[in-house]
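Reproduced below: coords03.cif, with mmCIF, C-alpha atoms and all ligand atoms.
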data_start
loop_
_atom_site.group_PDB
_atom_site.id
_atom_site.type_symbol
_atom_site.label_atom_id
_atom_site.label_comp_id
_atom_site.auth_asym_id
_atom_site.auth_seq_id
_atom_site.Cartn_x
_atom_site.Cartn_y
_atom_site.Cartn_z
ATOM 1 C CA MET A 878 0.000 0.000 0.000
ATOM 2 C CA ARG A 879 1.508 3.387 -1.008
ATOM 3 C CA ILE A 880 -0.021 6.752 -0.212
ATOM 4 C CA THR A 881 1.195 10.021 -1.742
ATOM 5 C CA ILE A 882 -0.050 13.288 -0.292
ATOM 6 C CA LEU A 883 0.110 16.766 -1.844
ATOM 7 C CA THR A 884 -0.218 19.573 0.686
ATOM 8 C CA GLY A 885 -0.683 23.326 0.331
ATOM 9 C CA ALA A 886 -0.978 26.404 2.503
ATOM 10 C CA GLY A 887 -4.297 25.201 3.987
ATOM 11 C CA ILE A 888 -2.615 22.511 6.095
ATOM 12 C CA SER A 889 -0.558 25.193 7.868
ATOM 13 C CA ALA A 890 -3.502 27.574 8.316
ATOM 14 C CA ASP A 891 -4.411 25.934 11.648
ATOM 15 C CA SER A 892 -0.856 26.730 12.798
ATOM 16 C CA GLY A 893 -1.590 30.417 12.260
ATOM 17 C CA ILE A 894 0.253 30.782 8.940
ATOM 18 C CA ALA A 895 -1.870 32.794 6.486
ATOM 19 C CA THR A 896 -2.686 31.104 3.192
ATOM 20 C CA PHE A 897 -2.352 32.949 -0.097
ATOM 21 C CA ARG A 898 -6.123 33.057 -0.612
ATOM 22 C CA ASP A 899 -6.750 34.435 2.877
ATOM 23 C CA ALA A 900 -4.830 37.505 1.855
ATOM 24 C CA ASP A 901 -6.588 37.414 -1.532
ATOM 25 C CA GLY A 902 -3.200 36.552 -2.980
ATOM 26 C CA LEU A 903 -1.841 39.835 -1.680
ATOM 27 C CA TRP A 904 1.025 40.750 0.572
ATOM 28 C CA GLU A 905 1.300 44.382 1.669
ATOM 29 C CA ASN A 906 -0.769 45.246 -1.438
ATOM 30 C CA HIS A 907 1.591 43.373 -3.724
ATOM 31 C CA ARG A 908 0.241 40.387 -5.718
ATOM 32 C CA VAL A 909 2.225 37.357 -4.563
ATOM 33 C CA GLU A 910 3.051 36.483 -8.158
ATOM 34 C CA ASP A 911 4.633 39.943 -8.453
ATOM 35 C CA VAL A 912 6.812 39.500 -5.375
ATOM 36 C CA ALA A 913 7.606 35.798 -5.732
ATOM 37 C CA SER A 914 9.354 36.073 -9.110
ATOM 38 C CA PRO A 915 12.905 36.448 -10.478
ATOM 39 C CA ALA A 916 11.883 39.729 -12.148
ATOM 40 C CA ALA A 917 10.752 41.150 -8.803
ATOM 41 C CA PHE A 918 14.040 40.089 -7.223
ATOM 42 C CA ARG A 919 16.015 41.809 -9.972
ATOM 43 C CA ARG A 920 13.797 44.896 -9.744
ATOM 44 C CA ASP A 921 13.664 45.266 -5.963
ATOM 45 C CA PRO A 922 15.720 42.659 -4.083
ATOM 46 C CA GLN A 923 15.136 44.351 -0.710
ATOM 47 C CA LEU A 924 11.340 44.111 -1.110
ATOM 48 C CA VAL A 925 11.557 40.409 -1.961
ATOM 49 C CA GLN A 926 14.089 39.671 0.799
ATOM 50 C CA ARG A 927 11.811 41.433 3.301
ATOM 51 C CA PHE A 928 8.810 39.377 2.090
ATOM 52 C CA TYR A 929 10.721 36.208 2.928
ATOM 53 C CA ASP A 930 12.483 37.506 6.054
ATOM 54 C CA LEU A 931 9.071 38.203 7.621
ATOM 55 C CA ARG A 932 7.739 34.751 6.654
ATOM 56 C CA ARG A 933 10.945 33.016 7.805
ATOM 57 C CA GLU A 934 10.543 34.677 11.191
ATOM 58 C CA ALA A 935 6.799 33.844 11.406
ATOM 59 C CA VAL A 936 7.322 30.172 10.585
ATOM 60 C CA GLN A 937 9.758 29.789 13.475
ATOM 61 C CA GLN A 938 7.060 31.075 15.840
ATOM 62 C CA ALA A 939 4.494 28.587 14.516
ATOM 63 C CA GLU A 940 3.929 25.020 15.722
ATOM 64 C CA PRO A 941 2.836 21.969 13.718
ATOM 65 C CA ASN A 942 -0.879 21.212 14.135
ATOM 66 C CA ALA A 943 -2.871 17.977 14.470
ATOM 67 C CA ALA A 944 -2.953 17.539 10.692
ATOM 68 C CA HIS A 945 0.861 17.574 10.396
ATOM 69 C CA ARG A 946 1.111 15.165 13.329
ATOM 70 C CA ALA A 947 -1.518 12.829 11.883
ATOM 71 C CA LEU A 948 0.405 12.528 8.597
ATOM 72 C CA ALA A 949 3.559 11.685 10.569
ATOM 73 C CA LYS A 950 1.592 8.978 12.437
ATOM 74 C CA LEU A 951 0.392 7.601 9.070
ATOM 75 C CA GLU A 952 3.999 7.485 7.808
ATOM 76 C CA ARG A 953 5.175 5.678 10.966
ATOM 77 C CA GLU A 954 2.366 3.144 11.161
ATOM 78 C CA LEU A 955 1.996 2.428 7.434
ATOM 79 C CA GLY A 956 5.778 2.384 7.120
ATOM 80 C CA ALA A 957 6.021 -0.268 9.826
ATOM 81 C CA ALA A 958 3.712 -2.538 7.815
ATOM 82 C CA HIS A 959 4.573 -1.614 4.225
ATOM 83 C CA GLY A 960 8.133 -0.233 4.216
ATOM 84 C CA ASP A 961 9.667 3.202 4.713
ATOM 85 C CA ASP A 962 8.483 4.574 1.377
ATOM 86 C CA ALA A 963 4.807 3.717 2.004
ATOM 87 C CA VAL A 964 3.935 7.398 2.588
ATOM 88 C CA THR A 965 5.373 10.358 0.663
ATOM 89 C CA ILE A 966 4.413 13.984 1.212
ATOM 90 C CA ILE A 967 4.864 16.358 -1.710
ATOM 91 C CA THR A 968 4.405 19.838 -0.280
ATOM 92 C CA GLN A 969 3.942 23.202 -1.982
ATOM 93 C CA ASN A 970 4.636 24.772 1.405
ATOM 94 C CA ILE A 971 7.971 26.350 2.196
ATOM 95 C CA ASP A 972 7.572 25.993 5.974
ATOM 96 C CA ASP A 973 9.109 23.131 7.986
ATOM 97 C CA LEU A 974 5.958 22.137 9.869
ATOM 98 C CA HIS A 975 5.722 18.675 8.272
ATOM 99 C CA GLU A 976 9.243 17.900 9.478
ATOM 100 C CA ARG A 977 8.646 19.385 12.923
ATOM 101 C CA GLY A 978 5.388 17.411 13.064
ATOM 102 C CA GLY A 979 7.424 14.215 12.662
ATOM 103 C CA SER A 980 7.246 13.461 8.920
ATOM 104 C CA ARG A 981 10.497 12.337 7.292
ATOM 105 C CA ASN A 982 9.567 11.604 3.671
ATOM 106 C CA VAL A 983 8.839 15.207 2.577
ATOM 107 C CA ILE A 984 9.494 16.652 -0.893
ATOM 108 C CA HIS A 985 9.504 20.473 -0.993
ATOM 109 C CA MET A 986 8.587 21.099 -4.622
ATOM 110 C CA HIS A 987 8.640 24.886 -4.138
ATOM 111 C CA GLY A 988 11.716 25.038 -1.906
ATOM 112 C CA GLU A 989 12.150 25.936 1.765
ATOM 113 C CA LEU A 990 12.086 29.165 3.744
ATOM 114 C CA LEU A 991 14.814 27.896 6.086
ATOM 115 C CA SER A 992 17.304 27.405 3.270
ATOM 116 C CA ALA A 993 19.389 30.038 1.448
ATOM 117 C CA LEU A 994 20.735 29.565 -2.072
ATOM 118 C CA CYS A 995 23.904 31.316 -3.294
ATOM 119 C CA THR A 996 23.507 32.669 -6.822
ATOM 120 C CA SER A 997 27.290 32.709 -7.229
ATOM 121 C CA CYS A 998 28.320 29.188 -6.195
ATOM 122 C CA GLU A 999 24.874 27.527 -5.980
ATOM 123 C CA GLY A 1000 25.658 26.465 -2.426
ATOM 124 C CA ARG A 1001 22.647 25.831 -0.149
ATOM 125 C CA HIS A 1002 22.701 26.625 3.543
ATOM 126 C CA ARG A 1003 20.210 26.141 6.395
ATOM 127 C CA TRP A 1004 19.205 29.709 7.211
ATOM 128 C CA LYS A 1005 17.030 30.974 10.088
ATOM 129 C CA GLY A 1006 17.971 34.635 10.086
ATOM 130 C CA SER A 1007 17.535 37.554 7.753
ATOM 131 C CA LEU A 1008 18.921 37.790 4.225
ATOM 132 C CA ILE A 1009 18.076 41.449 3.682
ATOM 133 C CA ASP A 1010 21.502 42.780 4.745
ATOM 134 C CA GLY A 1011 23.303 40.702 2.153
ATOM 135 C CA PRO A 1012 25.206 38.223 4.382
ATOM 136 C CA ASP A 1013 28.175 36.464 2.781
ATOM 137 C CA CYS A 1014 27.672 32.948 1.428
ATOM 138 C CA PRO A 1015 29.349 30.556 3.920
ATOM 139 C CA SER A 1016 30.793 28.587 0.979
ATOM 140 C CA CYS A 1017 32.181 31.224 -1.381
ATOM 141 C CA GLY A 1018 32.113 34.368 0.748
ATOM 142 C CA ILE A 1019 30.221 36.412 -1.833
ATOM 143 C CA ALA A 1020 27.105 38.279 -0.615
ATOM 144 C CA THR A 1021 24.729 36.743 -3.144
ATOM 145 C CA LEU A 1022 22.321 34.664 -1.042
ATOM 146 C CA ARG A 1023 18.640 34.455 -2.102
ATOM 147 C CA PRO A 1024 15.720 32.517 -0.624
ATOM 148 C CA ASP A 1025 15.999 28.855 -1.719
ATOM 149 C CA ILE A 1026 12.475 29.028 -3.087
ATOM 150 C CA VAL A 1027 10.886 28.318 -6.477
ATOM 151 C CA TRP A 1028 9.394 31.577 -7.754
ATOM 152 C CA PHE A 1029 6.698 31.919 -10.404
ATOM 153 C CA GLY A 1030 8.356 31.326 -13.749
ATOM 154 C CA GLU A 1031 11.035 29.050 -12.252
ATOM 155 C CA ASN A 1032 11.083 25.284 -12.590
ATOM 156 C CA ILE A 1033 9.983 23.254 -9.577
ATOM 157 C CA TYR A 1034 12.443 21.181 -7.525
ATOM 158 C CA HIS A 1035 12.645 17.351 -7.236
ATOM 159 C CA THR A 1036 10.626 16.532 -10.369
ATOM 160 C CA GLU A 1037 12.016 12.974 -10.577
ATOM 161 C CA ALA A 1038 11.186 12.163 -6.955
ATOM 162 C CA ILE A 1039 7.710 13.635 -7.429
ATOM 163 C CA TYR A 1040 6.905 11.471 -10.429
ATOM 164 C CA ARG A 1041 8.358 8.395 -8.697
ATOM 165 C CA ALA A 1042 5.937 9.044 -5.838
ATOM 166 C CA LEU A 1043 3.083 9.105 -8.369
ATOM 167 C CA GLU A 1044 4.120 5.896 -10.096
ATOM 168 C CA ASP A 1045 2.624 3.184 -7.952
ATOM 169 C CA CYS A 1046 0.610 5.003 -5.326
ATOM 170 C CA ASP A 1047 -2.737 3.475 -4.397
ATOM 171 C CA VAL A 1048 -4.114 6.667 -2.825
ATOM 172 C CA PHE A 1049 -3.277 10.263 -3.786
ATOM 173 C CA ALA A 1050 -4.569 12.741 -1.203
ATOM 174 C CA VAL A 1051 -4.654 16.514 -1.713
ATOM 175 C CA ILE A 1052 -4.781 18.534 1.508
ATOM 176 C CA GLY A 1053 -5.208 22.303 1.937
ATOM 177 C CA THR A 1054 -4.646 23.629 -1.551
ATOM 178 C CA SER A 1055 -6.756 25.696 -3.927
ATOM 179 C CA GLY A 1056 -5.200 23.893 -6.880
ATOM 180 C CA GLN A 1057 -4.396 27.082 -8.776
ATOM 181 C CA VAL A 1058 -0.654 26.706 -9.199
ATOM 182 C CA TYR A 1059 0.894 24.414 -11.776
ATOM 183 C CA PRO A 1060 2.392 21.888 -12.123
ATOM 184 C CA ALA A 1061 1.300 21.039 -8.524
ATOM 185 C CA ALA A 1062 -2.369 21.391 -9.457
ATOM 186 C CA GLY A 1063 -2.012 18.784 -12.188
ATOM 187 C CA LEU A 1064 -0.560 16.024 -9.990
ATOM 188 C CA ALA A 1065 -3.886 14.547 -8.833
ATOM 189 C CA ALA A 1066 -4.953 13.947 -12.448
ATOM 190 C CA GLU A 1067 -1.538 12.380 -13.170
ATOM 191 C CA ALA A 1068 -1.957 10.050 -10.188
ATOM 192 C CA ALA A 1069 -5.500 9.119 -11.250
ATOM 193 C CA GLN A 1070 -4.233 8.270 -14.741
ATOM 194 C CA ARG A 1071 -1.829 5.857 -13.049
ATOM 195 C CA GLY A 1072 -4.662 4.154 -11.193
ATOM 196 C CA ALA A 1073 -4.605 5.943 -7.839
ATOM 197 C CA ARG A 1074 -7.780 6.670 -5.878
ATOM 198 C CA THR A 1075 -7.846 10.447 -5.297
ATOM 199 C CA VAL A 1076 -9.209 12.275 -2.263
ATOM 200 C CA LEU A 1077 -9.438 15.985 -1.418
ATOM 201 C CA LEU A 1078 -9.297 17.112 2.207
ATOM 202 C CA ASN A 1079 -9.863 20.865 2.194
ATOM 203 C CA LEU A 1080 -11.868 23.646 3.798
ATOM 204 C CA GLU A 1081 -13.892 23.980 0.605
ATOM 205 C CA SER A 1082 -14.376 22.124 -2.654
ATOM 206 C CA THR A 1083 -11.995 23.280 -5.346
ATOM 207 C CA GLY A 1084 -13.881 21.990 -8.363
ATOM 208 C CA GLY A 1085 -11.239 19.390 -9.122
ATOM 209 C CA LEU A 1086 -12.177 15.813 -10.015
ATOM 210 C CA PHE A 1087 -11.611 13.629 -6.933
ATOM 211 C CA ASP A 1088 -13.015 10.182 -6.117
ATOM 212 C CA ASP A 1089 -13.772 11.468 -2.619
ATOM 213 C CA GLU A 1090 -13.993 14.897 -0.968
ATOM 214 C CA GLN A 1091 -13.876 15.571 2.776
ATOM 215 C CA LEU A 1092 -14.436 19.224 3.681
ATOM 216 C CA GLY A 1093 -13.443 20.985 6.886
ATOM 217 C CA PRO A 1094 -10.404 22.344 8.727
ATOM 218 C CA ALA A 1095 -7.396 20.084 8.167
ATOM 219 C CA ALA A 1096 -6.573 19.952 11.883
ATOM 220 C CA GLU A 1097 -9.993 18.303 12.405
ATOM 221 C CA ILE A 1098 -10.549 16.151 9.296
ATOM 222 C CA VAL A 1099 -7.016 14.840 8.625
ATOM 223 C CA PRO A 1100 -6.607 12.967 11.945
ATOM 224 C CA VAL A 1101 -10.025 11.321 11.385
ATOM 225 C CA TRP A 1102 -9.080 10.382 7.804
ATOM 226 C CA VAL A 1103 -5.738 8.893 8.968
ATOM 227 C CA ASP A 1104 -7.385 6.806 11.685
ATOM 228 C CA GLU A 1105 -9.975 5.514 9.181
ATOM 229 C CA LEU A 1106 -7.206 4.637 6.714
ATOM 230 C CA LEU A 1107 -5.204 2.804 9.366
ATOM 231 C CA THR A 1108 -8.221 0.666 10.351
ATOM 232 C CA GLU A 1109 -8.838 -0.203 6.657
ATOM 233 C CA ILE A 1110 -5.291 -1.404 6.028
HETATM 234 C C1 LIG X 1201 6.806 26.170 -13.615
HETATM 235 C C2 LIG X 1201 6.926 29.545 -3.412
HETATM 236 C C3 LIG X 1201 7.910 25.795 -15.682
HETATM 237 C C4 LIG X 1201 6.869 31.034 -3.305
HETATM 238 C C5 LIG X 1201 5.151 29.123 -4.976
HETATM 239 C C6 LIG X 1201 -0.025 26.129 -16.480
HETATM 240 C C7 LIG X 1201 -1.158 26.910 -16.493
HETATM 241 C C8 LIG X 1201 -1.133 28.207 -15.978
HETATM 242 C C9 LIG X 1201 0.039 28.735 -15.435
HETATM 243 C C10 LIG X 1201 1.156 27.951 -15.424
HETATM 244 C C11 LIG X 1201 1.133 26.654 -15.938
HETATM 245 N N1 LIG X 1201 2.370 26.123 -15.778
HETATM 246 C C12 LIG X 1201 3.163 27.034 -15.179
HETATM 247 C C13 LIG X 1201 2.455 28.164 -14.960
HETATM 248 C C14 LIG X 1201 2.940 29.385 -14.361
HETATM 249 C C15 LIG X 1201 2.888 29.313 -12.847
HETATM 250 C C16 LIG X 1201 1.489 29.219 -12.308
HETATM 251 O O1 LIG X 1201 1.006 28.132 -12.014
HETATM 252 N N2 LIG X 1201 0.870 30.370 -12.156
HETATM 253 C C17 LIG X 1201 -0.447 30.434 -11.542
HETATM 254 C C18 LIG X 1201 -0.580 31.764 -10.787
HETATM 255 C C19 LIG X 1201 -1.507 30.307 -12.622
HETATM 256 N N3 LIG X 1201 3.668 28.214 -12.353
HETATM 257 C C20 LIG X 1201 5.001 28.349 -12.235
HETATM 258 O O2 LIG X 1201 5.594 29.355 -12.559
HETATM 259 C C21 LIG X 1201 5.753 27.159 -11.669
HETATM 260 N N4 LIG X 1201 6.905 26.885 -12.496
HETATM 261 O O3 LIG X 1201 5.774 25.699 -13.997
HETATM 262 O O4 LIG X 1201 8.009 26.088 -14.316
HETATM 263 C C22 LIG X 1201 7.487 27.103 -16.314
HETATM 264 C C23 LIG X 1201 8.371 28.169 -16.284
HETATM 265 C C24 LIG X 1201 7.977 29.378 -16.900
HETATM 266 C C25 LIG X 1201 6.716 29.502 -17.484
HETATM 267 C C26 LIG X 1201 5.826 28.419 -17.475
HETATM 268 C C27 LIG X 1201 6.228 27.212 -16.889
HETATM 269 C C28 LIG X 1201 6.312 27.474 -10.291
HETATM 270 C C29 LIG X 1201 5.188 27.747 -9.330
HETATM 271 C C30 LIG X 1201 5.782 27.852 -7.924
HETATM 272 C C31 LIG X 1201 5.536 29.243 -7.385
HETATM 273 N N5 LIG X 1201 5.961 29.288 -5.988
HETATM 274 N N6 LIG X 1201 5.595 29.079 -3.725
HETATM 275 C C32 LIG X 1201 6.206 31.459 -2.043
HETATM 276 O O5 LIG X 1201 5.555 30.622 -1.380
HETATM 277 O O6 LIG X 1201 6.373 32.634 -1.697
HETATM 278 S S1 LIG X 1201 3.505 28.908 -5.239
HETATM 279 C C33 LIG X 1201 2.715 29.265 -3.779
HETATM 280 O O7 LIG X 1201 1.401 29.632 -4.081
HETATM 281 C C34 LIG X 1201 2.589 28.075 -2.895
HETATM 282 O O8 LIG X 1201 3.736 27.297 -2.884
HETATM 283 C C35 LIG X 1201 1.392 27.381 -3.443
HETATM 284 O O9 LIG X 1201 1.749 26.507 -4.458
HETATM 285 C C36 LIG X 1201 0.618 28.524 -4.070
HETATM 286 C C37 LIG X 1201 -0.582 28.820 -3.221
HETATM 287 O O10 LIG X 1201 -1.414 27.733 -3.364
HETATM 288 P P1 LIG X 1201 -2.054 26.980 -2.107
HETATM 289 O O11 LIG X 1201 -0.990 26.308 -1.327
HETATM 290 O O12 LIG X 1201 -3.127 26.168 -2.674
HETATM 291 O O13 LIG X 1201 -2.632 28.104 -1.174
HETATM 292 P P2 LIG X 1201 -3.961 28.910 -1.402
HETATM 293 O O14 LIG X 1201 -3.960 30.002 -0.401
HETATM 294 O O15 LIG X 1201 -4.118 29.218 -2.862
HETATM 295 O O16 LIG X 1201 -5.146 27.874 -1.048
HETATM 296 C C38 LIG X 1201 -5.299 27.446 0.282
HETATM 297 C C39 LIG X 1201 -6.376 26.372 0.269
HETATM 298 O O17 LIG X 1201 -6.486 25.852 1.587
HETATM 299 C C40 LIG X 1201 -7.748 26.906 -0.099
HETATM 300 O O18 LIG X 1201 -8.375 25.981 -0.977
HETATM 301 C C41 LIG X 1201 -8.498 26.956 1.243
HETATM 302 O O19 LIG X 1201 -9.859 26.665 1.078
HETATM 303 C C42 LIG X 1201 -7.828 25.875 2.011
HETATM 304 N N7 LIG X 1201 -7.800 26.109 3.456
HETATM 305 C C43 LIG X 1201 -7.707 27.283 4.124
HETATM 306 N N8 LIG X 1201 -7.702 27.047 5.448
HETATM 307 C C44 LIG X 1201 -7.770 25.699 5.613
HETATM 308 C C45 LIG X 1201 -7.832 25.095 4.347
HETATM 309 N N9 LIG X 1201 -7.931 23.767 4.173
HETATM 310 C C46 LIG X 1201 -7.962 22.998 5.283
HETATM 311 N N10 LIG X 1201 -7.895 23.504 6.541
HETATM 312 C C47 LIG X 1201 -7.806 24.840 6.741
HETATM 313 N N11 LIG X 1201 -7.751 25.315 7.989
#

Would you give me this structure, written as structure tokens?
Amino acid sequence: MRITILTGAGISADSGIATFRDADGLWENHRVEDVASPAAFRRDPQLVQRFYDLRREAVQQAEPNAAHRALAKLERELGAAHGDDAVTIITQNIDDLHERGGSRNVIHMHGELLSALCTSCEGRHRWKGSLIDGPDCPSCGIATLRPDIVWFGENIYHTEAIYRALEDCDVFAVIGTSGQVYPAAGLAAEAAQRGARTVLLNLESTGGLFDDEQLGPAAEIVPVWVDELLTEI
């Protein structure tokens, strides 16, 4: 039995992290697509660095919620019976709440807030502080660190691992995403084409084609869904 789960901002909402839709896709009156892009970074690097500095700080104040912890329990218990790769989380989120909630098999397709990428040497470094003052890259010493995040118009990370996780999964669950950003939004259809049963767990229906939909706050409905799954298997 293999379960692959795609998560979005909605799973972290119950940890107090605003989703993109909550803010109507805006941040300080900027459209997120306009701030989260290479062009924005070229045009106004300080604005973009500040956008991520504030979110990097907020994430470190947040705690994983019952939904994150339930997915970690699913990975542990299904893994015990069906092998370590029984559960894979593909997340669009750039926070580390899945990991702090206990999940180990997490693919960050849009990068991570707590990582900095050097545009000179391509070195990556765990980073909890600010990037706005142009700190030197620990590897090459040049002050060219950017958020290690996939912006609009940039290719996603870990494509091979993502498609491997789609290959032979029996269940593909989508949790807390509006399904507006590609290629993430197309993964459920790809999984269905490969024979997976698809389920949406979200605050509201998103109009996508799922075999099953369970609506409500993730912190409430995901633990129930996990316990039901674990009794079935
Ligand atoms: C790429 C990092 C090749 C930055 C992000 C095909 C068609 C149309 C457009 C495109 C396409 N292919 C590519 C594109 C362009 C673009 C795109 O999709 N644009 C959109 C705006 C149409 N995609 C790309 O550029 C991607 N790259 O494809 O490369 C390429 C290159 C050039 C040109 C073409 C192709 C890269 C996209 C990655 C962008 N980076 N994140 C950052 O975070 O700052 S995306 C970012 O926004 C998130 O990572 C996430 O993916 C997205 C927001 O989506 P959600 O997570 O779903 O959040 P949202 O707020 O929208 O929804 C929350 C949901 O939760 C709601 O449904 C709500 O009801 C629910 N909810 C709320 N509370 C709760 C809850 N559910 C449960 N419980 C709750 N308590």

Legend entry - Counting all atoms listed in the file, the option among A:Val983, A:Ala963, A:Val909, A:Val1076 closest to ligand LIG 1201 (chain X): A:Val909

Legend entry - Separation of atom O6 of ligand LIG 1201 (chain X) from atom CA of A:Gly988 in Å: 9.3 Å

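Between atom CA of A:Trp1102 and atom CA of A:Ala935 lies a distance of 28.6 Å.
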
Inset, instruction - Give as a ChimeraX atom specification the residues that the PyMOL selection byres (((not hetatm)) within 6 of (chain X and resi 1201)) matches when applied to the coordinates above. - result: /A:885-888,890-891,896-898,913,969-970,987,1026-1033,1053-1060,1079-1081,1094-1095

Inset, instruction - One decimal, Å: what's the distance from atom CA of A:Tyr1040 over to atom CA of A:Ile967, could you say? - result: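 So the two atoms, atom CA of A:Tyr1040 and atom CA of A:Ile967, lie 10.2 Å apart.
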
Legend entry - Ground truth for the PyMOL selection byres (((chain A and resi 1039) around 10) and not hetatm), written as a VMD selection string: chain A and resid 881 883 965 to 967 984 to 986 1034 to 1038 1040 to 1044 1061 1064

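Minimum distance to A:Gly1011 across A:Ala1065, A:Leu931, A:Ala1050, A:Ala993 (counting only C-alpha atoms) occurs at A:Ala993.
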
With a distance cut-off of 8 Å and all atoms listed in the file, select the neighbouring residues of A:Pro1012, excluding the residue or stretch itself and same-chain residues fewer than 5 positions from it, and output the selection as a PDB file with C-alpha atoms, in the frame of the given file.
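Output file part-v2.pdb follows:
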ATOM      1  CA  ALA A1020      27.105  38.279  -0.615  1.00  0.00           C
ATOM      2  CA  THR A1021      24.729  36.743  -3.144  1.00  0.00           C
ATOM      3  CA  LEU A1022      22.321  34.664  -1.042  1.00  0.00           C
TER       4      LEU A1022
END

Inset, instruction - Have a look at A:Ala939, A:Val1051, A:Val912, A:Ala1062 and name the one nearest to A:Asp1088; count all atoms listed in the file. - result: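 Smallest distance to A:Asp1088 is found for A:Val1051.
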
Rows by chain and residue number, stretch 966-1054 of chain A within 10 Å of stretch 919-926 of chain A, shortest pair, all atoms listed in the file, as CSV:
residue,atom,partner,partner_atom,distance
A:Ser1007,CA,A:Gln926,CA,8.0
A:Leu1008,CA,A:Gln926,CA,6.2
A:Ile1009,CA,A:Gln926,CA,5.2
A:Asp1010,CA,A:Gln923,CA,8.5
A:Gly1011,CA,A:Gln926,CA,9.4
A:Leu1022,CA,A:Gln926,CA,9.8
A:Arg1023,CA,A:Gln926,CA,7.5
A:Pro1024,CA,A:Gln926,CA,7.5

Reconstruct N, CA, C and O atoms of stretch 921-932 of chain A; output as a PDB file, keeping the file's coordinate frame.
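That gives us selection_23.pdb:
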ATOM      1  N   ASP A 921      13.640  44.712  -7.332  1.00  0.00           N
ATOM      2  CA  ASP A 921      13.664  45.266  -5.963  1.00  0.00           C
ATOM      3  C   ASP A 921      14.039  44.159  -4.975  1.00  0.00           C
ATOM      4  O   ASP A 921      13.181  43.640  -4.253  1.00  0.00           O
ATOM      5  N   PRO A 922      15.298  43.787  -4.933  1.00  0.00           N
ATOM      6  CA  PRO A 922      15.720  42.659  -4.083  1.00  0.00           C
ATOM      7  C   PRO A 922      15.368  42.857  -2.609  1.00  0.00           C
ATOM      8  O   PRO A 922      14.990  41.904  -1.932  1.00  0.00           O
ATOM      9  N   GLN A 923      15.437  44.105  -2.130  1.00  0.00           N
ATOM     10  CA  GLN A 923      15.136  44.351  -0.710  1.00  0.00           C
ATOM     11  C   GLN A 923      13.677  44.019  -0.390  1.00  0.00           C
ATOM     12  O   GLN A 923      13.372  43.459   0.642  1.00  0.00           O
ATOM     13  N   LEU A 924      12.778  44.392  -1.326  1.00  0.00           N
ATOM     14  CA  LEU A 924      11.340  44.111  -1.110  1.00  0.00           C
ATOM     15  C   LEU A 924      11.132  42.601  -1.011  1.00  0.00           C
ATOM     16  O   LEU A 924      10.483  42.096  -0.091  1.00  0.00           O
ATOM     17  N   VAL A 925      11.734  41.872  -1.939  1.00  0.00           N
ATOM     18  CA  VAL A 925      11.557  40.409  -1.961  1.00  0.00           C
ATOM     19  C   VAL A 925      12.222  39.780  -0.737  1.00  0.00           C
ATOM     20  O   VAL A 925      11.629  38.929  -0.069  1.00  0.00           O
ATOM     21  N   GLN A 926      13.426  40.234  -0.384  1.00  0.00           N
ATOM     22  CA  GLN A 926      14.089  39.671   0.799  1.00  0.00           C
ATOM     23  C   GLN A 926      13.248  39.935   2.047  1.00  0.00           C
ATOM     24  O   GLN A 926      13.111  39.066   2.907  1.00  0.00           O
ATOM     25  N   ARG A 927      12.618  41.099   2.108  1.00  0.00           N
ATOM     26  CA  ARG A 927      11.811  41.433   3.301  1.00  0.00           C
ATOM     27  C   ARG A 927      10.587  40.533   3.365  1.00  0.00           C
ATOM     28  O   ARG A 927      10.226  40.014   4.428  1.00  0.00           O
ATOM     29  N   PHE A 928       9.990  40.262   2.185  1.00  0.00           N
ATOM     30  CA  PHE A 928       8.810  39.377   2.090  1.00  0.00           C
ATOM     31  C   PHE A 928       9.155  38.014   2.710  1.00  0.00           C
ATOM     32  O   PHE A 928       8.397  37.473   3.508  1.00  0.00           O
ATOM     33  N   TYR A 929      10.358  37.539   2.409  1.00  0.00           N
ATOM     34  CA  TYR A 929      10.721  36.208   2.928  1.00  0.00           C
ATOM     35  C   TYR A 929      11.297  36.267   4.342  1.00  0.00           C
ATOM     36  O   TYR A 929      11.093  35.360   5.142  1.00  0.00           O
ATOM     37  N   ASP A 930      11.987  37.362   4.665  1.00  0.00           N
ATOM     38  CA  ASP A 930      12.483  37.506   6.054  1.00  0.00           C
ATOM     39  C   ASP A 930      11.318  37.443   7.041  1.00  0.00           C
ATOM     40  O   ASP A 930      11.371  36.736   8.064  1.00  0.00           O
ATOM     41  N   LEU A 931      10.229  38.164   6.723  1.00  0.00           N
ATOM     42  CA  LEU A 931       9.071  38.203   7.621  1.00  0.00           C
ATOM     43  C   LEU A 931       8.449  36.823   7.737  1.00  0.00           C
ATOM     44  O   LEU A 931       8.085  36.364   8.823  1.00  0.00           O
ATOM     45  N   ARG A 932       8.376  36.093   6.619  1.00  0.00           N
ATOM     46  CA  ARG A 932       7.739  34.751   6.654  1.00  0.00           C
ATOM     47  C   ARG A 932       8.670  33.749   7.350  1.00  0.00           C
ATOM     48  O   ARG A 932       8.220  32.849   8.063  1.00  0.00           O
TER      49      ARG A 932
END
